[in-house]
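Novice: Handing over upload24.pdb, PDB, C-alpha atoms and all ligand atoms.
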```pdb
ATOM      1  CA  MET A   1     118.362 103.994 112.343
ATOM      2  CA  THR A   2     121.922 103.382 113.514
ATOM      3  CA  VAL A   3     120.946 103.650 117.165
ATOM      4  CA  HIS A   4     118.274 100.954 116.852
ATOM      5  CA  PRO A   5     119.539  98.538 114.194
ATOM      6  CA  LYS A   6     117.141  95.741 115.177
ATOM      7  CA  LEU A   7     114.132  98.024 115.094
ATOM      8  CA  TRP A   8     115.247  99.432 111.750
ATOM      9  CA  ALA A   9     115.638  95.912 110.315
ATOM     10  CA  LEU A  10     112.142  95.023 111.494
ATOM     11  CA  LEU A  11     110.644  98.167 109.983
ATOM     12  CA  LYS A  12     112.203  97.459 106.601
ATOM     13  CA  ARG A  13     110.697  93.973 106.541
ATOM     14  CA  TRP A  14     107.410  95.105 107.991
ATOM     15  CA  ILE A  15     106.403  97.403 105.124
ATOM     16  CA  HIS A  16     106.757  94.538 102.620
ATOM     17  CA  ILE A  17     104.569  92.050 104.486
ATOM     18  CA  LEU A  18     101.530  91.006 102.463
ATOM     19  CA  ASP A  19      99.618  89.094 105.100
ATOM     20  CA  HIS A  20      97.317  90.969 107.473
ATOM     21  CA  THR A  21      97.892  88.794 110.557
ATOM     22  CA  GLU A  22     101.633  88.715 110.040
ATOM     23  CA  PHE A  23     101.639  92.504 109.604
ATOM     24  CA  TYR A  24      99.932  93.158 112.934
ATOM     25  CA  ALA A  25     101.992  90.494 114.700
ATOM     26  CA  MET A  26     105.153  92.273 113.631
ATOM     27  CA  TRP A  27     103.671  95.610 114.680
ATOM     28  CA  GLU A  28     103.458  94.165 118.197
ATOM     29  CA  GLN A  29     107.157  93.233 118.001
ATOM     30  CA  ILE A  30     107.989  96.721 116.774
ATOM     31  CA  LYS A  31     106.017  98.299 119.601
ATOM     32  CA  ALA A  32     107.955  96.195 122.112
ATOM     33  CA  LYS A  33     111.283  97.392 120.703
ATOM     34  CA  SER A  34     110.387 101.053 120.088
ATOM     35  CA  PRO A  35     111.165 104.023 122.285
ATOM     36  CA  ALA A  36     108.035 105.899 123.400
ATOM     37  CA  SER A  37     108.689 108.884 121.133
ATOM     38  CA  PHE A  38     108.893 106.706 118.036
ATOM     39  CA  LEU A  39     105.735 104.857 118.998
ATOM     40  CA  GLN A  40     103.870 108.100 119.407
ATOM     41  CA  TYR A  41     105.157 109.308 116.043
ATOM     42  CA  MET A  42     103.996 106.090 114.343
ATOM     43  CA  GLU A  43     100.582 106.169 115.944
ATOM     44  CA  MET A  44      99.966 109.820 115.191
ATOM     45  CA  ASN A  45     101.214 109.865 111.616
ATOM     46  CA  TRP A  46     101.104 106.422 110.088
ATOM     47  CA  MET A  47      98.995 103.825 111.840
ATOM     48  CA  HIS A  48      95.619 105.365 111.027
ATOM     49  CA  GLU A  49      96.287 105.234 107.298
ATOM     50  CA  THR A  50      98.119 101.952 106.756
ATOM     51  CA  GLU A  51      96.261 101.542 103.447
ATOM     52  CA  LEU A  52      98.413 104.337 101.984
ATOM     53  CA  TRP A  53     101.757 102.647 102.529
ATOM     54  CA  SER A  54     101.549  99.080 103.806
ATOM     55  CA  ALA A  55     102.050  96.261 101.315
ATOM     56  CA  ILE A  56      99.036  94.417 102.755
ATOM     57  CA  PHE A  57      96.875  96.947 100.918
ATOM     58  CA  ARG A  58      99.143  97.650  97.982
ATOM     59  CA  THR A  59      98.914  94.292  96.263
ATOM     60  CA  GLU A  60      98.575  93.517  92.560
ATOM     61  CA  ARG A  61     100.374  96.676  91.549
ATOM     62  CA  SER A  62     102.937  96.747  88.785
ATOM     63  CA  ILE A  63     106.452  98.014  89.276
ATOM     64  CA  PHE A  64     105.393 101.237  87.538
ATOM     65  CA  GLN A  65     102.411 101.812  89.798
ATOM     66  CA  ASN A  66     104.625 101.235  92.811
ATOM     67  CA  SER A  67     106.915 104.055  91.802
ATOM     68  CA  ASP A  68     104.312 106.789  92.132
ATOM     69  CA  THR A  69     106.808 109.554  91.619
ATOM     70  CA  ASN A  70     110.484 109.251  90.980
ATOM     71  CA  MET A  71     113.372 110.937  89.305
ATOM     72  CA  LEU A  72     112.849 109.014  86.063
ATOM     73  CA  VAL A  73     109.414 110.527  85.662
ATOM     74  CA  GLU A  74     110.841 113.983  86.248
ATOM     75  CA  ALA A  75     113.650 113.351  83.792
ATOM     76  CA  TRP A  76     111.143 112.189  81.184
ATOM     77  CA  HIS A  77     108.968 115.260  81.754
ATOM     78  CA  HIS A  78     112.014 117.450  81.274
ATOM     79  CA  LEU A  79     112.946 115.679  78.033
ATOM     80  CA  LEU A  80     109.418 115.811  76.658
ATOM     81  CA  LYS A  81     108.882 119.462  77.500
ATOM     82  CA  GLY A  82     112.343 120.799  76.814
ATOM     83  CA  LYS A  83     113.477 118.778  73.825
ATOM     84  CA  PHE A  84     110.450 117.397  72.009
ATOM     85  CA  MET A  85     108.016 120.233  72.691
ATOM     86  CA  GLN A  86     110.696 122.921  72.599
ATOM     87  CA  GLY A  87     109.566 124.417  75.892
ATOM     88  CA  LYS A  88     106.083 125.365  74.667
ATOM     89  CA  ARG A  89     103.682 125.798  77.541
ATOM     90  CA  ASN A  90     100.503 124.794  75.796
ATOM     91  CA  CYS A  91     100.110 122.293  73.086
ATOM     92  CA  ARG A  92      97.155 120.937  71.122
ATOM     93  CA  MET A  93      96.400 117.317  71.871
ATOM     94  CA  ASP A  94      96.930 116.239  68.257
ATOM     95  CA  HIS A  95     100.313 117.952  68.236
ATOM     96  CA  LEU A  96     101.304 116.213  71.468
ATOM     97  CA  ILE A  97     100.290 112.817  70.079
ATOM     98  CA  TYR A  98     102.209 113.529  66.877
ATOM     99  CA  THR A  99     105.281 114.460  68.938
ATOM    100  CA  LEU A 100     105.055 111.289  71.032
ATOM    101  CA  VAL A 101     104.535 108.939  68.096
ATOM    102  CA  ARG A 102     106.767 110.512  65.470
ATOM    103  CA  GLN A 103     109.572 111.954  67.573
ATOM    104  CA  ALA A 104     109.730 110.549  71.109
ATOM    105  CA  MET A 105     109.193 106.889  70.206
ATOM    106  CA  PRO A 106     111.788 106.816  67.405
ATOM    107  CA  HIS A 107     114.186 108.598  69.769
ATOM    108  CA  PHE A 108     113.903 105.826  72.383
ATOM    109  CA  ILE A 109     113.958 103.019  69.800
ATOM    110  CA  GLN A 110     117.140 104.472  68.336
ATOM    111  CA  ARG A 111     118.663 104.852  71.801
ATOM    112  CA  HIS A 112     117.920 101.263  72.803
ATOM    113  CA  PHE A 113     119.287 100.073  69.479
ATOM    114  CA  THR A 114     122.583 101.926  69.828
ATOM    115  CA  GLN A 115     122.970 100.847  73.461
ATOM    116  CA  GLU A 116     122.264  97.247  72.558
ATOM    117  CA  HIS A 117     124.930  97.254  69.873
ATOM    118  CA  GLY A 118     127.481  99.028  71.994
ATOM    119  CA  PHE A 119     127.648 102.216  69.891
ATOM    120  CA  ALA A 120     126.623 104.285  72.878
ATOM    121  CA  GLY A 121     127.072 103.409  76.496
ATOM    122  CA  GLY A 122     124.096 102.614  78.663
ATOM    123  CA  ASP A 123     122.917 105.241  81.032
ATOM    124  CA  LEU A 124     124.615 105.418  84.412
ATOM    125  CA  GLU A 125     122.307 102.928  86.030
ATOM    126  CA  VAL A 126     122.740 100.373  83.240
ATOM    127  CA  GLN A 127     126.518 100.828  83.324
ATOM    128  CA  GLU A 128     126.565 100.357  87.063
ATOM    129  CA  CYS A 129     124.403  97.210  86.842
ATOM    130  CA  LEU A 130     126.725  95.634  84.261
ATOM    131  CA  HIS A 131     129.709  96.478  86.434
ATOM    132  CA  ILE A 132     128.008  94.945  89.480
ATOM    133  CA  GLU A 133     127.193  91.727  87.589
ATOM    134  CA  GLU A 134     130.825  91.425  86.586
ATOM    135  CA  LEU A 135     131.992  91.863  90.185
ATOM    136  CA  ALA A 136     129.339  89.460  91.463
ATOM    137  CA  GLU A 137     130.881  86.652  89.406
ATOM    138  CA  LYS A 138     134.031  86.854  91.522
ATOM    139  CA  ILE A 139     132.157  85.891  94.689
ATOM    140  CA  THR A 140     132.412  82.170  95.442
ATOM    141  CA  ALA A 141     130.311  79.845  97.586
ATOM    142  CA  ASP A 142     133.073  79.874 100.217
ATOM    143  CA  ASP A 143     132.567  83.597 100.739
ATOM    144  CA  ILE A 144     128.934  83.134 101.722
ATOM    145  CA  GLU A 145     127.497  82.011 104.992
ATOM    146  CA  GLN A 146     123.814  81.696 105.726
ATOM    147  CA  SER A 147     122.599  83.113 109.025
ATOM    148  CA  ASP A 148     121.829  80.460 111.652
ATOM    149  CA  ASP A 149     118.837  82.133 113.181
ATOM    150  CA  GLU A 150     117.237  83.939 110.303
ATOM    151  CA  GLU A 151     116.196  82.614 106.957
ATOM    152  CA  ASN A 152     117.109  84.797 103.984
ATOM    153  CA  ILE A 153     119.927  86.549 105.806
ATOM    154  CA  PHE A 154     123.405  85.924 104.429
ATOM    155  CA  HIS A 155     126.865  87.056 105.419
ATOM    156  CA  ILE A 156     129.264  87.615 102.570
ATOM    157  CA  GLN A 157     132.948  88.191 103.016
ATOM    158  CA  SER A 158     134.365  91.361 101.516
ATOM    159  CA  GLN A 159     136.448  90.737  98.390
ATOM    160  CA  THR A 160     138.963  93.411  99.307
ATOM    161  CA  GLN A 161     139.173  93.175 103.086
ATOM    162  CA  LYS A 162     139.161  89.590 104.284
ATOM    163  CA  ASP A 163     138.268  90.503 107.859
ATOM    164  CA  LEU A 164     135.141  92.340 106.744
ATOM    165  CA  CYS A 165     131.718  90.826 106.242
ATOM    166  CA  TYR A 166     128.533  92.284 104.774
ATOM    167  CA  THR A 167     125.003  91.275 105.637
ATOM    168  CA  VAL A 168     122.516  90.745 102.838
ATOM    169  CA  ASP A 169     118.852  90.605 103.766
ATOM    170  CA  LEU A 170     116.776  88.984 101.042
ATOM    171  CA  ASN A 171     113.535  89.893 102.806
ATOM    172  CA  ALA A 172     114.270  93.583 102.803
ATOM    173  CA  TYR A 173     116.275  93.176  99.597
ATOM    174  CA  ASP A 174     119.248  95.112 100.858
ATOM    175  CA  CYS A 175     122.884  94.899 101.882
ATOM    176  CA  ASP A 176     124.844  96.925 104.392
ATOM    177  CA  CYS A 177     127.893  97.468 102.175
ATOM    178  CA  LEU A 178     128.904 100.960 101.093
ATOM    179  CA  SER A 179     128.039 100.456  97.411
ATOM    180  CA  PHE A 180     124.449  99.405  97.961
ATOM    181  CA  PRO A 181     122.786 102.817  98.487
ATOM    182  CA  LYS A 182     124.014 104.165  95.138
ATOM    183  CA  ILE A 183     121.499 102.296  92.970
ATOM    184  CA  LEU A 184     119.965 100.039  95.617
ATOM    185  CA  MET A 185     121.920  97.083  94.277
ATOM    186  CA  CYS A 186     125.391  95.675  94.889
ATOM    187  CA  LYS A 187     127.482  92.673  93.897
ATOM    188  CA  HIS A 188     126.543  90.803  97.084
ATOM    189  CA  LEU A 189     122.817  91.054  96.551
ATOM    190  CA  SER A 190     123.238  90.497  92.826
ATOM    191  CA  HIS A 191     125.210  87.312  93.448
ATOM    192  CA  LEU A 192     122.505  85.860  95.710
ATOM    193  CA  VAL A 193     119.636  86.858  93.465
ATOM    194  CA  GLU A 194     121.267  85.677  90.253
ATOM    195  CA  PRO A 195     123.896  83.123  91.262
ATOM    196  CA  THR A 196     126.660  82.716  88.718
ATOM    197  CA  SER A 197     128.811  80.116  90.405
TER     198      SER A 197
HETATM  199 ZN    ZN A 201     126.628  94.675  99.201
END
```
Show me this structure written as structure tokens.
Specialist:
Amino acid sequence: MTVHPKLWALLKRWIHILDHTEFYAMWEQIKAKSPASFLQYMEMNWMHETELWSAIFRTERSIFQNSDTNMLVEAWHHLLKGKFMQGKRNCRMDHLIYTLVRQAMPHFIQRHFTQEHGFAGGDLEVQECLHIEELAEKITADDIEQSDDEENIFHIQSQTQKDLCYTVDLNAYDCDCLSFPKILMCKHLSHLVEPTS
């Protein structure tokens, strides 16, 4: 991905395209830019089952359906099994429902309540998001420059190093700064998505 930055940028936009014609038009562009080995890899492994990954087929899905598996689901499974069901392997359905309604739900309601009122901190992701929003407020319009040739691409000057600039791509919804990969959000993207000044 670092050897072919243009190809990588195209690929990231490509998977989000919703329109059939646009999708295949960009595939032609990708083919033109790809080394033969990558092309062969794509054709052998991915192109015959585009319906499994391309956004042109994955429409009208909620944010929860889009995250088929993720660490949150695993964390929840761990909590349910280890804490609420005390590690029991089998459980009667009525007992499981009782556990969910009488123990798990009050647990989450209580947690949201305490977080909301500042008695307990948010989880790491929430904390990081709040921190990012705070930092995003320091970015001013003068720090931002829109790309001449591409819509939705912005260059934002670093707040700490004035000779440094980061590129935010609103199509791919990413930024090339060092903080971005941590929770797939950073102050630059946050500032453009939810402008504060
Ligand atoms: Zn950034």
Novice: Name the residues, by chain letter and number, that sit within 6 Å of ligand ZN 201 (chain A) using all atoms listed in the file, and give them as a VMD selection string.
Specialist: chain A and resid 175 to 177 180 186 to 189
Novice: Restrict the calculation to all atoms listed in the file, then for each residue of stretch 149-174 of chain A with any atom at most 12 Å from an atom of stretch 10-15 of chain A give the closest atom pair and their distance in Å to one decimal, rows by chain and rising residue number, as JSON lines.
Specialist:
```
{"residue": "A:Asn152", "atom": "CA", "partner": "A:Arg13", "partner_atom": "CA", "distance": 11.5}
{"residue": "A:Ile153", "atom": "CA", "partner": "A:Arg13", "partner_atom": "CA", "distance": 11.9}
{"residue": "A:Asp169", "atom": "CA", "partner": "A:Arg13", "partner_atom": "CA", "distance": 9.2}
{"residue": "A:Leu170", "atom": "CA", "partner": "A:Arg13", "partner_atom": "CA", "distance": 9.6}
{"residue": "A:Asn171", "atom": "CA", "partner": "A:Arg13", "partner_atom": "CA", "distance": 6.2}
{"residue": "A:Ala172", "atom": "CA", "partner": "A:Arg13", "partner_atom": "CA", "distance": 5.2}
{"residue": "A:Tyr173", "atom": "CA", "partner": "A:Arg13", "partner_atom": "CA", "distance": 8.9}
{"residue": "A:Asp174", "atom": "CA", "partner": "A:Lys12", "partner_atom": "CA", "distance": 9.4}
```
Novice: Quick one, how far is atom CA of A:Gln29 from atom CA of A:His155?
Specialist: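 For atom CA of A:Gln29 relative to atom CA of A:His155, the distance reads 24.2 Å.
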Novice: What's the 12 Å shell around stretch 127-132 of chain A, counting all atoms listed in the file, without same-chain residues fewer than 3 positions away, as a ChimeraX atom specification?
Specialist: /A:115,118,120-124,135-139,179-180,182-191,194
Novice: Emit as lines of an AutoDock Vina configuration file the padded axis-aligned box for all listed atoms of stretch 181-194 of chain A, 8 Å per side, with centre and edge lengths in Å to one decimal.
Specialist:
```
center_x = 123.6
center_y = 94.9
center_z = 94.4
size_x = 23.8
size_y = 34.5
size_z = 24.2
```
Novice: Quote the spacing between atom CA of A:His112 and atom CA of A:Val126 in Å to one decimal place.
Specialist: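 Pair atom CA of A:His112 / atom CA of A:Val126 returns 11.5 Å.
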Novice: Tell me which residues the PyMOL selection byres (((chain A and resi 34-45) around 12) and not hetatm) grabs here, as a PyMOL selection string.
Specialist: chain A and resi 1+3-8+10-11+27-33+46-50+52-53
Novice: In Å to one decimal, how far is atom CA of A:Val168 from atom CA of A:Ala9?
Specialist: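 Pair atom CA of A:Ala9 / atom CA of A:Val168 returns 11.4 Å.
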Novice: Of the residues A:Trp76, A:Ala25, A:Gly82, A:Asp19, which is the one nearest to A:Ile56, using only C-alpha atoms?
Specialist: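 Once distances to A:Ile56 are computed over only C-alpha atoms, the minimum belongs to A:Asp19.
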Novice: Take the PyMOL selection byres (((chain A and resi 142) around 12) and not hetatm), run it mentally on this structure, and tell me the resulting residues as number ranges by chain.
Specialist: A: 138-141, 143-146, 155-159, 197
Novice: Need to verify the contact set: A:Ala55, 6 Å, only C-alpha atoms, exclusion of same-chain residues closer than 3 positions in sequence. Can you return it as a short mmCIF file (atom, residue, chain, number, x, y, z; two decimals) with C-alpha atoms, keeping the file's coordinate frame?
Specialist:
```cif
data_model
loop_
_atom_site.label_atom_id
_atom_site.label_comp_id
_atom_site.auth_asym_id
_atom_site.auth_seq_id
_atom_site.Cartn_x
_atom_site.Cartn_y
_atom_site.Cartn_z
CA ILE A 15 106.40 97.40 105.12
CA HIS A 16 106.76 94.54 102.62
CA ILE A 17 104.57 92.05 104.49
CA LEU A 18 101.53 91.01 102.46
CA ARG A 58 99.14 97.65 97.98
#
```
Novice: Name the closest residue to A:Glu133 among the candidates A:Leu192, A:Val101, A:Arg111, A:Pro181; distances are taken between atoms, counting only C-alpha atoms.
Specialist: A:Leu192
